[in-house]
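Raw run.tsv, TSV, C-alpha atoms:
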```
chain	number	residue	atom	x	y	z
A	25	MET	CA	16.87	-13.44	9.95
A	26	ASP	CA	16.51	-9.84	11.10
A	27	LEU	CA	17.36	-6.30	10.13
A	28	ASP	CA	20.81	-6.47	11.70
A	29	VAL	CA	21.83	-9.00	9.06
A	30	LEU	CA	20.66	-6.62	6.37
A	31	LYS	CA	22.50	-3.76	8.05
A	32	GLU	CA	25.73	-5.60	7.59
A	33	LEU	CA	24.98	-6.23	3.93
A	34	TRP	CA	23.82	-2.64	3.47
A	35	ARG	CA	27.27	-1.45	4.55
A	36	ASP	CA	28.79	-3.61	1.85
A	37	VAL	CA	26.72	-1.77	-0.73
A	38	GLU	CA	27.99	1.51	0.67
A	39	HIS	CA	31.62	0.39	0.54
A	40	LYS	CA	31.17	-0.78	-2.97
A	41	GLY	CA	30.21	2.77	-3.83
A	42	SER	CA	27.48	4.02	-6.09
A	43	GLU	CA	27.79	5.37	-9.57
A	44	GLN	CA	28.77	9.04	-9.51
A	45	PRO	CA	27.15	11.24	-12.13
A	46	ALA	CA	29.39	13.65	-14.03
A	47	ASN	CA	29.39	17.32	-12.98
A	48	ALA	CA	27.91	18.35	-16.32
A	49	GLU	CA	25.12	15.83	-15.82
A	50	ILE	CA	24.18	17.35	-12.43
A	51	ILE	CA	24.33	20.90	-13.83
A	52	GLY	CA	22.09	19.77	-16.68
A	53	MET	CA	19.55	18.45	-14.16
A	54	LEU	CA	19.44	21.80	-12.38
A	55	LYS	CA	18.26	23.44	-15.59
A	56	LYS	CA	15.34	21.07	-16.02
A	57	SER	CA	11.90	21.82	-14.62
A	58	SER	CA	10.46	19.89	-11.72
A	59	GLN	CA	8.02	17.07	-12.50
A	60	SER	CA	6.42	17.08	-9.06
A	61	PRO	CA	2.60	17.22	-8.99
A	62	VAL	CA	2.63	20.70	-7.43
A	63	ALA	CA	5.05	22.04	-10.04
A	64	LYS	CA	2.86	20.62	-12.81
A	65	MET	CA	-0.27	22.13	-11.26
A	66	LYS	CA	1.46	25.50	-11.03
A	67	ARG	CA	2.46	25.32	-14.69
A	68	ASN	CA	-1.14	24.50	-15.63
A	69	VAL	CA	-2.47	27.45	-13.64
A	70	LEU	CA	0.01	29.74	-15.38
A	71	ILE	CA	-0.91	28.46	-18.84
A	72	GLU	CA	-4.66	28.77	-18.13
A	73	THR	CA	-4.20	32.34	-16.84
A	74	VAL	CA	-2.30	33.40	-19.94
A	75	PHE	CA	-4.87	31.69	-22.17
A	76	ILE	CA	-7.83	33.42	-20.46
A	77	VAL	CA	-6.18	36.84	-20.40
A	78	VAL	CA	-5.26	36.61	-24.09
A	79	LEU	CA	-8.65	35.24	-25.17
A	80	PHE	CA	-10.81	37.64	-23.14
A	81	GLY	CA	-8.42	40.49	-23.87
A	82	VAL	CA	-8.74	40.01	-27.62
A	83	VAL	CA	-12.55	39.81	-27.42
A	84	ALA	CA	-12.71	42.90	-25.19
A	85	ILE	CA	-10.42	44.87	-27.50
A	86	TYR	CA	-12.55	43.81	-30.46
A	87	TYR	CA	-15.74	45.14	-28.82
A	88	PHE	CA	-13.99	48.32	-27.74
A	89	ILE	CA	-12.82	49.04	-31.28
A	90	ALA	CA	-15.55	47.57	-33.55
A	91	PHE	CA	-19.07	48.98	-34.05
A	92	ASN	CA	-17.84	52.51	-33.33
A	93	GLY	CA	-17.74	51.78	-29.62
A	94	ARG	CA	-21.46	50.96	-29.44
A	95	PHE	CA	-20.72	47.73	-27.57
A	96	ASN	CA	-18.33	49.14	-25.00
A	97	SER	CA	-20.41	47.65	-22.20
A	98	ILE	CA	-19.85	44.14	-23.62
A	99	ALA	CA	-16.13	44.86	-23.74
A	100	TRP	CA	-16.22	45.92	-20.08
A	101	LEU	CA	-18.14	42.78	-19.22
A	102	TYR	CA	-15.40	40.64	-20.76
A	103	THR	CA	-12.77	42.71	-18.99
A	104	GLY	CA	-14.57	42.17	-15.69
A	105	LEU	CA	-14.78	38.43	-16.34
A	106	ALA	CA	-11.08	38.32	-17.18
A	107	ILE	CA	-10.31	40.05	-13.87
A	108	LEU	CA	-12.48	37.54	-12.00
A	109	PHE	CA	-10.63	34.67	-13.68
A	110	VAL	CA	-7.25	36.19	-12.86
A	111	LEU	CA	-8.31	36.49	-9.19
A	112	TYR	CA	-9.47	32.88	-9.30
A	113	TYR	CA	-6.13	31.70	-10.69
A	114	TYR	CA	-4.23	33.89	-8.23
A	115	ARG	CA	-6.03	32.18	-5.34
A	116	LYS	CA	-5.21	28.77	-6.83
A	117	TRP	CA	-1.57	29.80	-7.22
A	118	LYS	CA	-1.35	30.95	-3.60
A	119	LEU	CA	-2.82	27.66	-2.38
A	120	LEU	CA	-0.29	25.74	-4.46
A	121	GLU	CA	2.57	27.85	-3.13
A	122	GLY	CA	1.78	26.81	0.41
A	123	MET	CA	1.47	23.15	-0.47
A	124	GLN	CA	5.13	22.22	-0.50
A	125	CYS	CA	7.83	22.22	2.13
A	126	VAL	CA	10.36	19.64	1.02
A	127	ALA	CA	12.85	20.57	3.73
A	128	CYS	CA	10.29	20.10	6.54
A	129	GLN	CA	9.92	16.91	8.53
A	130	VAL	CA	8.20	14.27	6.42
A	131	LYS	CA	5.13	14.17	8.64
A	132	SER	CA	4.57	17.92	8.75
A	133	ASN	CA	5.11	18.13	5.00
A	134	LEU	CA	2.47	15.45	4.50
A	135	GLN	CA	0.04	17.24	6.84
A	136	ARG	CA	0.62	20.48	4.98
A	137	GLN	CA	0.09	18.81	1.62
A	138	VAL	CA	-3.11	17.08	2.68
A	139	GLN	CA	-4.59	20.23	4.24
A	140	SER	CA	-3.61	22.47	1.31
A	141	LEU	CA	-4.80	19.96	-1.25
A	142	GLU	CA	-8.16	19.64	0.52
A	143	ARG	CA	-8.51	23.44	0.57
A	144	TYR	CA	-7.50	23.58	-3.08
A	145	ILE	CA	-10.05	20.92	-4.02
A	146	ARG	CA	-12.84	22.67	-2.09
A	147	PHE	CA	-12.07	25.93	-3.85
A	148	TYR	CA	-11.81	24.19	-7.23
A	149	LEU	CA	-15.16	22.48	-6.67
A	150	LEU	CA	-16.92	25.63	-5.50
A	151	ALA	CA	-15.54	27.79	-8.32
A	152	GLY	CA	-16.16	25.08	-10.93
A	153	THR	CA	-19.77	24.68	-9.77
A	154	VAL	CA	-20.53	28.39	-9.67
A	155	VAL	CA	-18.92	29.24	-12.99
A	156	VAL	CA	-21.40	27.24	-15.13
A	157	PRO	CA	-24.62	28.99	-13.96
A	158	LEU	CA	-22.70	32.26	-14.13
A	159	ILE	CA	-21.87	31.61	-17.77
A	160	PHE	CA	-25.57	30.88	-18.38
A	161	LEU	CA	-26.54	34.18	-16.79
A	162	PHE	CA	-23.87	35.95	-18.77
A	163	LEU	CA	-25.18	34.48	-22.03
A	164	GLY	CA	-28.74	35.40	-21.03
A	165	PHE	CA	-27.60	38.95	-20.39
A	166	LEU	CA	-25.92	39.05	-23.79
A	167	PHE	CA	-29.12	37.75	-25.39
A	168	TYR	CA	-31.27	40.44	-23.75
A	169	TYR	CA	-28.75	43.00	-24.81
A	170	LYS	CA	-29.19	41.95	-28.42
A	171	PHE	CA	-32.94	41.20	-28.30
A	172	PRO	CA	-34.47	43.44	-25.61
A	173	THR	CA	-37.98	42.59	-26.80
A	174	GLY	CA	-37.52	38.92	-25.94
A	175	ALA	CA	-37.71	35.75	-28.06
A	176	PHE	CA	-38.28	31.98	-27.96
A	177	TYR	CA	-41.62	32.11	-26.20
A	178	PHE	CA	-41.13	32.01	-22.40
A	179	ILE	CA	-37.40	31.40	-22.38
A	180	PHE	CA	-36.57	35.03	-23.00
A	181	PRO	CA	-39.79	36.96	-22.30
A	182	ALA	CA	-39.81	40.67	-23.04
A	183	VAL	CA	-39.49	42.78	-19.92
A	184	ASN	CA	-42.82	44.48	-20.60
A	185	LYS	CA	-44.71	41.19	-21.22
A	186	SER	CA	-47.61	40.00	-19.04
A	187	THR	CA	-46.86	38.86	-15.46
A	188	GLY	CA	-47.63	35.23	-16.35
A	189	ALA	CA	-45.05	35.16	-19.13
A	190	VAL	CA	-42.42	36.78	-16.92
A	191	ILE	CA	-43.11	34.29	-14.10
A	192	ALA	CA	-42.90	31.39	-16.56
A	193	GLY	CA	-39.60	32.79	-17.82
A	194	TRP	CA	-38.27	33.09	-14.28
A	195	MET	CA	-39.42	29.57	-13.42
A	196	PHE	CA	-37.67	28.23	-16.50
A	197	TRP	CA	-34.45	29.96	-15.51
A	198	VAL	CA	-34.57	28.96	-11.86
A	199	ILE	CA	-35.21	25.29	-12.69
A	200	SER	CA	-32.69	25.08	-15.51
A	201	LEU	CA	-30.00	26.91	-13.51
A	202	SER	CA	-30.59	24.60	-10.55
A	203	LEU	CA	-30.25	21.57	-12.80
A	204	VAL	CA	-27.16	22.94	-14.49
A	205	SER	CA	-25.60	23.79	-11.10
A	206	MET	CA	-26.29	20.29	-9.84
A	207	LEU	CA	-24.85	18.68	-12.95
A	208	SER	CA	-21.89	21.01	-12.77
A	209	TYR	CA	-21.31	20.10	-9.10
A	210	TYR	CA	-21.36	16.35	-9.67
A	211	GLY	CA	-19.39	16.64	-12.91
A	212	ASN	CA	-16.73	18.69	-11.19
A	213	ARG	CA	-16.62	16.34	-8.23
A	214	TYR	CA	-16.06	13.40	-10.55
A	215	PHE	CA	-13.40	15.26	-12.52
A	216	ILE	CA	-11.56	16.46	-9.40
A	217	ASN	CA	-11.66	12.97	-7.93
A	218	ARG	CA	-10.13	11.63	-11.14
A	219	LEU	CA	-7.42	14.28	-10.98
A	220	TYR	CA	-6.48	14.29	-7.31
A	221	GLY	CA	-8.46	11.54	-5.60
A	222	ARG	CA	-5.87	8.81	-5.69
A	223	HIS	CA	-3.04	11.16	-4.78
A	224	ILE	CA	-4.79	12.59	-1.74
A	225	ARG	CA	-5.95	9.15	-0.58
A	226	GLN	CA	-2.38	7.91	-0.74
A	227	LEU	CA	-1.07	10.91	1.19
A	228	ARG	CA	-3.75	10.42	3.86
A	229	GLN	CA	-2.90	6.73	4.11
A	230	ILE	CA	0.80	7.44	4.74
A	231	LEU	CA	-0.13	10.14	7.24
A	232	ASN	CA	-2.45	7.75	9.09
A	233	GLN	CA	0.34	5.20	9.26
A	234	MET	CA	2.60	7.84	10.76
A	235	GLU	CA	0.06	8.88	13.34
A	236	GLU	CA	-1.09	5.47	14.51
A	237	GLU	CA	0.56	4.23	17.68
B	15	MET	CA	26.02	28.72	-2.78
B	16	THR	CA	27.46	28.52	-6.26
B	17	GLN	CA	26.48	25.87	-8.74
B	18	ALA	CA	29.95	24.33	-8.51
B	19	GLY	CA	29.67	24.16	-4.72
B	20	PHE	CA	26.29	22.51	-4.97
B	21	VAL	CA	27.58	19.95	-7.47
B	22	GLN	CA	30.38	19.13	-5.04
B	23	LEU	CA	27.83	18.71	-2.25
B	24	ILE	CA	25.80	16.31	-4.38
B	25	ARG	CA	28.86	14.28	-5.21
B	26	GLU	CA	29.75	14.01	-1.53
B	27	HIS	CA	26.26	12.79	-0.61
B	28	ASN	CA	25.50	10.91	-3.79
B	29	GLY	CA	25.17	7.58	-1.97
B	30	LEU	CA	22.33	8.91	0.17
B	31	ILE	CA	20.31	10.02	-2.86
B	32	GLN	CA	21.03	6.82	-4.76
B	33	LYS	CA	19.81	4.71	-1.85
B	34	VAL	CA	16.52	6.60	-1.65
B	35	CYS	CA	16.10	6.16	-5.40
B	36	ASN	CA	16.87	2.44	-5.17
B	37	LEU	CA	14.28	2.00	-2.46
B	38	TYR	CA	11.48	4.01	-4.04
B	39	ALA	CA	11.84	3.50	-7.79
B	40	ALA	CA	11.61	0.24	-9.66
B	41	THR	CA	13.13	0.68	-13.07
B	42	SER	CA	16.38	2.40	-13.98
B	43	GLU	CA	14.37	5.01	-15.87
B	44	ASP	CA	12.24	5.78	-12.82
B	45	ARG	CA	15.34	5.85	-10.65
B	46	GLN	CA	16.91	8.38	-13.00
B	47	ASP	CA	13.73	10.52	-12.93
B	48	LEU	CA	13.52	10.41	-9.14
B	49	TYR	CA	17.24	11.19	-8.83
B	50	GLN	CA	16.77	14.23	-11.05
B	51	GLU	CA	13.71	15.37	-9.09
B	52	ILE	CA	15.57	15.10	-5.78
B	53	ILE	CA	18.50	17.11	-7.19
B	54	ILE	CA	16.11	19.84	-8.40
B	55	GLN	CA	14.33	19.99	-5.02
B	56	LEU	CA	17.65	20.12	-3.15
B	57	TRP	CA	18.87	22.93	-5.39
B	58	ARG	CA	15.68	24.92	-4.84
B	59	ALA	CA	15.59	24.32	-1.10
B	60	TYR	CA	19.27	24.94	-0.42
B	61	PRO	CA	19.10	28.78	-0.20
B	62	LYS	CA	16.72	28.35	2.76
B	63	PHE	CA	18.97	25.89	4.58
B	64	ARG	CA	20.05	27.66	7.76
B	65	GLY	CA	22.03	24.88	9.35
B	66	ASP	CA	19.47	24.27	12.12
B	67	SER	CA	19.90	20.56	11.54
B	68	LYS	CA	22.72	18.45	10.17
B	69	LEU	CA	23.20	18.69	6.41
B	70	SER	CA	22.59	14.96	6.01
B	71	THR	CA	19.35	15.24	8.03
B	72	TRP	CA	18.20	18.04	5.77
B	73	MET	CA	19.11	16.02	2.67
B	74	TYR	CA	17.22	12.98	3.96
B	75	ARG	CA	14.15	15.15	4.53
B	76	VAL	CA	14.22	16.56	1.00
B	77	ALA	CA	14.95	13.19	-0.59
B	78	LEU	CA	12.29	11.31	1.39
B	79	ASN	CA	9.68	14.04	0.98
B	80	THR	CA	10.28	13.97	-2.76
B	81	ALA	CA	10.17	10.19	-2.94
B	82	ILE	CA	7.20	9.63	-0.62
B	83	SER	CA	4.79	12.48	-1.11
B	84	ASP	CA	5.83	14.59	-3.98
B	85	TYR	CA	6.64	12.24	-6.75
B	86	ARG	CA	3.48	11.10	-8.48
B	87	LYS	CA	5.18	8.51	-10.64
B	88	GLN	CA	5.79	6.40	-7.56
B	89	GLN	CA	2.08	5.64	-7.43
B	90	ARG	CA	2.52	3.30	-10.33
B	91	ILE	CA	5.52	1.62	-8.82
B	92	VAL	CA	4.87	1.71	-5.11
B	93	PRO	CA	4.95	-1.99	-4.40
B	94	THR	CA	8.31	-2.59	-6.00
B	95	THR	CA	11.90	-1.65	-5.44
B	96	ASP	CA	14.91	-2.64	-7.38
B	97	LEU	CA	16.74	-4.09	-4.45
B	98	GLU	CA	17.28	-7.29	-6.36
B	99	HIS	CA	19.63	-5.29	-8.49
B	100	ILE	CA	21.72	-4.44	-5.43
B	101	SER	CA	21.27	-7.97	-4.24
B	102	SER	CA	22.79	-9.43	-7.37
B	103	GLU	CA	25.67	-6.97	-7.20
B	104	ILE	CA	26.43	-8.00	-3.67
B	105	ALA	CA	25.91	-11.62	-4.52
B	106	ALA	CA	28.60	-11.33	-7.15
B	107	GLN	CA	31.03	-10.31	-4.43
B	108	GLU	CA	29.87	-12.80	-1.89
B	109	SER	CA	31.08	-16.33	-1.79
B	110	GLY	CA	28.65	-17.82	0.71
B	111	GLU	CA	25.48	-19.01	-0.95
B	112	ASP	CA	23.64	-18.88	2.34
B	113	ARG	CA	24.36	-15.16	2.65
B	114	ASP	CA	23.16	-14.55	-0.89
B	115	GLU	CA	19.96	-16.45	-0.28
B	116	ARG	CA	19.25	-14.64	2.97
B	117	LEU	CA	19.85	-11.27	1.34
B	118	LYS	CA	17.50	-12.09	-1.50
B	119	LEU	CA	14.81	-13.10	0.93
B	120	MET	CA	15.18	-9.92	2.87
B	121	TYR	CA	14.98	-7.73	-0.24
B	122	VAL	CA	11.87	-9.49	-1.45
B	123	ALA	CA	10.35	-8.87	1.96
B	124	ILE	CA	11.29	-5.17	1.94
B	125	ARG	CA	9.44	-4.79	-1.35
B	126	ASN	CA	6.25	-5.60	0.51
B	127	LEU	CA	6.69	-2.80	3.04
B	128	SER	CA	4.77	0.45	2.88
B	129	GLU	CA	6.34	3.77	1.88
B	130	LEU	CA	6.78	4.80	5.49
B	131	GLU	CA	8.20	1.44	6.52
B	132	LYS	CA	10.76	1.60	3.72
B	133	ALA	CA	11.90	5.00	5.00
B	134	LEU	CA	12.20	3.63	8.53
B	135	VAL	CA	14.14	0.58	7.40
B	136	MET	CA	16.48	2.75	5.38
B	137	LEU	CA	17.21	5.11	8.26
B	138	TYR	CA	17.74	2.13	10.52
B	139	LEU	CA	20.16	0.56	8.06
B	140	GLU	CA	21.95	3.88	7.80
B	141	ASP	CA	22.56	3.67	11.54
B	142	LYS	CA	20.53	6.77	12.31
B	143	THR	CA	19.66	7.24	15.97
B	144	TYR	CA	16.01	7.50	17.00
B	145	ASP	CA	16.70	11.15	17.69
B	146	GLU	CA	17.76	11.70	14.08
B	147	MET	CA	14.88	9.61	12.77
B	148	GLU	CA	12.47	11.80	14.72
B	149	ASP	CA	14.13	14.88	13.29
B	150	ILE	CA	13.76	13.58	9.74
B	151	LEU	CA	10.33	11.99	9.90
B	152	GLY	CA	8.61	13.99	12.64
B	153	ILE	CA	7.42	10.85	14.45
B	154	ASN	CA	8.09	10.71	18.19
B	155	GLN	CA	10.69	8.24	19.42
B	156	ASN	CA	8.33	5.95	21.34
B	157	ASN	CA	6.18	5.58	18.26
B	158	LEU	CA	9.28	4.98	16.15
B	159	ARG	CA	10.43	2.17	18.45
B	160	VAL	CA	7.03	0.53	18.28
B	161	LYS	CA	7.00	0.81	14.51
B	162	MET	CA	10.54	-0.55	14.19
B	163	ASN	CA	9.66	-3.58	16.29
B	164	ARG	CA	6.62	-4.20	14.13
B	165	ILE	CA	8.69	-3.87	10.96
B	166	LYS	CA	11.29	-6.32	12.25
B	167	GLU	CA	8.56	-8.79	13.06
B	168	LYS	CA	6.85	-8.19	9.72
B	169	LEU	CA	10.13	-8.76	7.87
B	170	ARG	CA	10.72	-11.95	9.84
B	171	GLN	CA	7.28	-13.20	8.88
B	172	LEU	CA	7.68	-12.13	5.28
B	173	THR	CA	11.06	-13.80	4.89
B	174	LYS	CA	9.69	-16.92	6.52
B	175	ALA	CA	6.72	-16.91	4.16
B	176	GLU	CA	9.01	-16.31	1.20
B	177	LYS	CA	11.36	-19.08	2.26
B	178	TYR	CA	8.65	-21.68	2.70
B	179	GLY	CA	6.57	-20.42	-0.17
B	180	SER	CA	3.43	-19.74	1.84
```

Final structure tokens representation of the file:
Amino acid sequence: MDLDVLKELWRDVEHKGSEQPANAEIIGMLKKSSQSPVAKMKRNVLIETVFIVVLFGVVAIYYFIAFNGRFNSIAWLYTGLAILFVLYYYRKWKLLEGMQCVACQVKSNLQRQVQSLERYIRFYLLAGTVVVPLIFLFLGFLFYYKFPTGAFYFIFPAVNKSTGAVIAGWMFWVISLSLVSMLSYYGNRYFINRLYGRHIRQLRQILNQMEEE
Amino acid sequence: MTQAGFVQLIREHNGLIQKVCNLYAATSEDRQDLYQEIIIQLWRAYPKFRGDSKLSTWMYRVALNTAISDYRKQQRIVPTTDLEHISSEIAAQESGEDRDERLKLMYVAIRNLSELEKALVMLYLEDKTYDEMEDILGINQNNLRVKMNRIKEKLRQLTKAEKYGS
């Protein structure tokens, strides 16, 4: 038996005709949102952006208004962070925009998806790794702002303390930030692999099949 | 293009979309989801269609891209197709038992093909030339011929294995 036998049978299926959906049914489908992975990722990016802008915006406004404007610098810090996050999400959005070309040839669409997804993952991993130590530094800054004379022994030494105490403080921060960065890197890698690993492996596999002679 | 015009277009090429859905989705629910996704992608992509290729070629590209690479649900259902459904429908119309049996064997074998191989088989069954296949898939014709020969052989082996239960 070969494909030519099936071809004959395939034509029978065609002649038999397939079920036609009603016009209203098709119009209804056009109003629904896409469930493709890229569309879902875009929706997530949008939701996260709105969430961050609202959250940081509220906190910044609070610090601008409360305490008679004594903590304006904190408010500006939150505003700056919000801007950084928006830039981060904008970059993600742009990468996602270039990920899809459904009307392209199947192979070039796959190549585009694999390359864009790899770039997206690299950016996600880098940003996700960097953000954790940055948050630590940010919290440390906030702490010094509130307690400029230092506290908790060597963890937050006062700026005017002895050299030994300051060095110990620095050592603590360098070691703990390195550890946190490492944990953040491996944690992110695991998380990203859970999210996109299987998808990208499958895309690569199909692409390899297309390319092999 | 107006919505009404697009609906008309879909109705004219409904068979094409249905066939892709039958090949790439297992359950009727998944078929319905994939059908809807293809319609949405066609609707979004249509304003950019410049007529550089045939309309059917363009539709095959969108449908196959959606089914193969852009539809995450397929990951759960990759190894299966609901060709038995078609098989039974045809069987109802066929009188020869031999034909029915052979068709069943072939459908079972197609289920074991990869995503790419399914696309190739479908285009072959649709009587697409190698030129058109290249235009849809982006694989050069020599490579396509090699792959088609391999698929034919693979199907022969699979149907043989299925028939003799090995």

*Using only C-alpha atoms, select each residue of chain A with any atom at most 6 Å away from an atom of chain B, and give the selection as a list in words.*
Lys31, Ser42, Met53, Leu54, Ser60, Val126, Ala127, Gln129, Val130, Lys131 and Glu237 of chain A

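Proximity ranking of A:Thr153, A:Ser58, A:Asn47, A:Tyr113 relative to Val74 in chain A places A:Tyr113 first, based on all atoms listed in the file.
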
*Kindly give the distance, in Å, that separates CA of Leu127 in chain B and CA of Tyr144 in chain B, rounded to a single decimal.*
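CA of Tyr144 in chain B lies 19.7 Å from CA of Leu127 in chain B.
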
*Work out how far apart CA of Gly65 in chain B and CA of Gln124 in chain A are and give it in Å to one decimal.*
19.7 Å

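Picture a line from CA of Thr16 in chain B to CA of Lys56 in chain A; it runs 17.3 Å.
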
_Show me, as a ChimeraX atom specification, the residues that have an atom within 12 Å of Gly211 in chain A when counting only C-alpha atoms, minus same-chain residues fewer than 6 positions from it._
/A:149-150,152-153,156,203-205,217-218

_Distance cut-off 12 Å, centre (-15.2, 33.8, -10.0) in file coordinates, counting all atoms listed in the file: which residues qualify? Return them as a PyMOL selection string._
chain A and resi 104-116+147-159

*Point out the residue among A:His223, A:Lys118, A:Arg94, A:Lys55 with the least atom-to-atom distance to Leu70 in chain A, counting only C-alpha atoms.*
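Smallest separation from Leu70 in chain A among the options: A:Lys118.
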
*Counting all atoms listed in the file, figure out which residue out of A:Gln44, A:Phe160, A:Phe165, A:Arg222 gets nearest to Ser202 in chain A.*
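So, comparing all the options, the nearest one is A:Phe160.
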
Using only the atoms of range 164-168 of chain B listed in the file, plus 8 Å on each side, state the axis-aligned box centre and edge lengths in Å rounded to one decimal, as JSON.
```
{"center_x": 9.0, "center_y": -6.3, "center_z": 11.9, "size_x": 20.7, "size_y": 20.9, "size_z": 20.4}
```

*Give as a VMD selection string each residue that has an atom at most 9 Å from (-13.0, 43.6, -21.8) in the file, counting all atoms listed in the file.*
chain A and resid 80 to 88 96 to 106

Set the distance at 9 Å and use only C-alpha atoms: which residues neighbour Leu119 in chain A once local chain neighbours fewer than 2 positions away are removed? I'd like the list as a PDB file with C-alpha atoms, in the frame of the given file.
```
ATOM      1  CA  TYR A 114      -4.230  33.890  -8.230  1.00  0.00           C
ATOM      2  CA  ARG A 115      -6.030  32.180  -5.340  1.00  0.00           C
ATOM      3  CA  LYS A 116      -5.210  28.770  -6.830  1.00  0.00           C
ATOM      4  CA  TRP A 117      -1.570  29.800  -7.220  1.00  0.00           C
ATOM      5  CA  GLU A 121       2.570  27.850  -3.130  1.00  0.00           C
ATOM      6  CA  GLY A 122       1.780  26.810   0.410  1.00  0.00           C
ATOM      7  CA  MET A 123       1.470  23.150  -0.470  1.00  0.00           C
ATOM      8  CA  SER A 140      -3.610  22.470   1.310  1.00  0.00           C
ATOM      9  CA  LEU A 141      -4.800  19.960  -1.250  1.00  0.00           C
ATOM     10  CA  ARG A 143      -8.510  23.440   0.570  1.00  0.00           C
ATOM     11  CA  TYR A 144      -7.500  23.580  -3.080  1.00  0.00           C
TER      12      TYR A 144
END
```
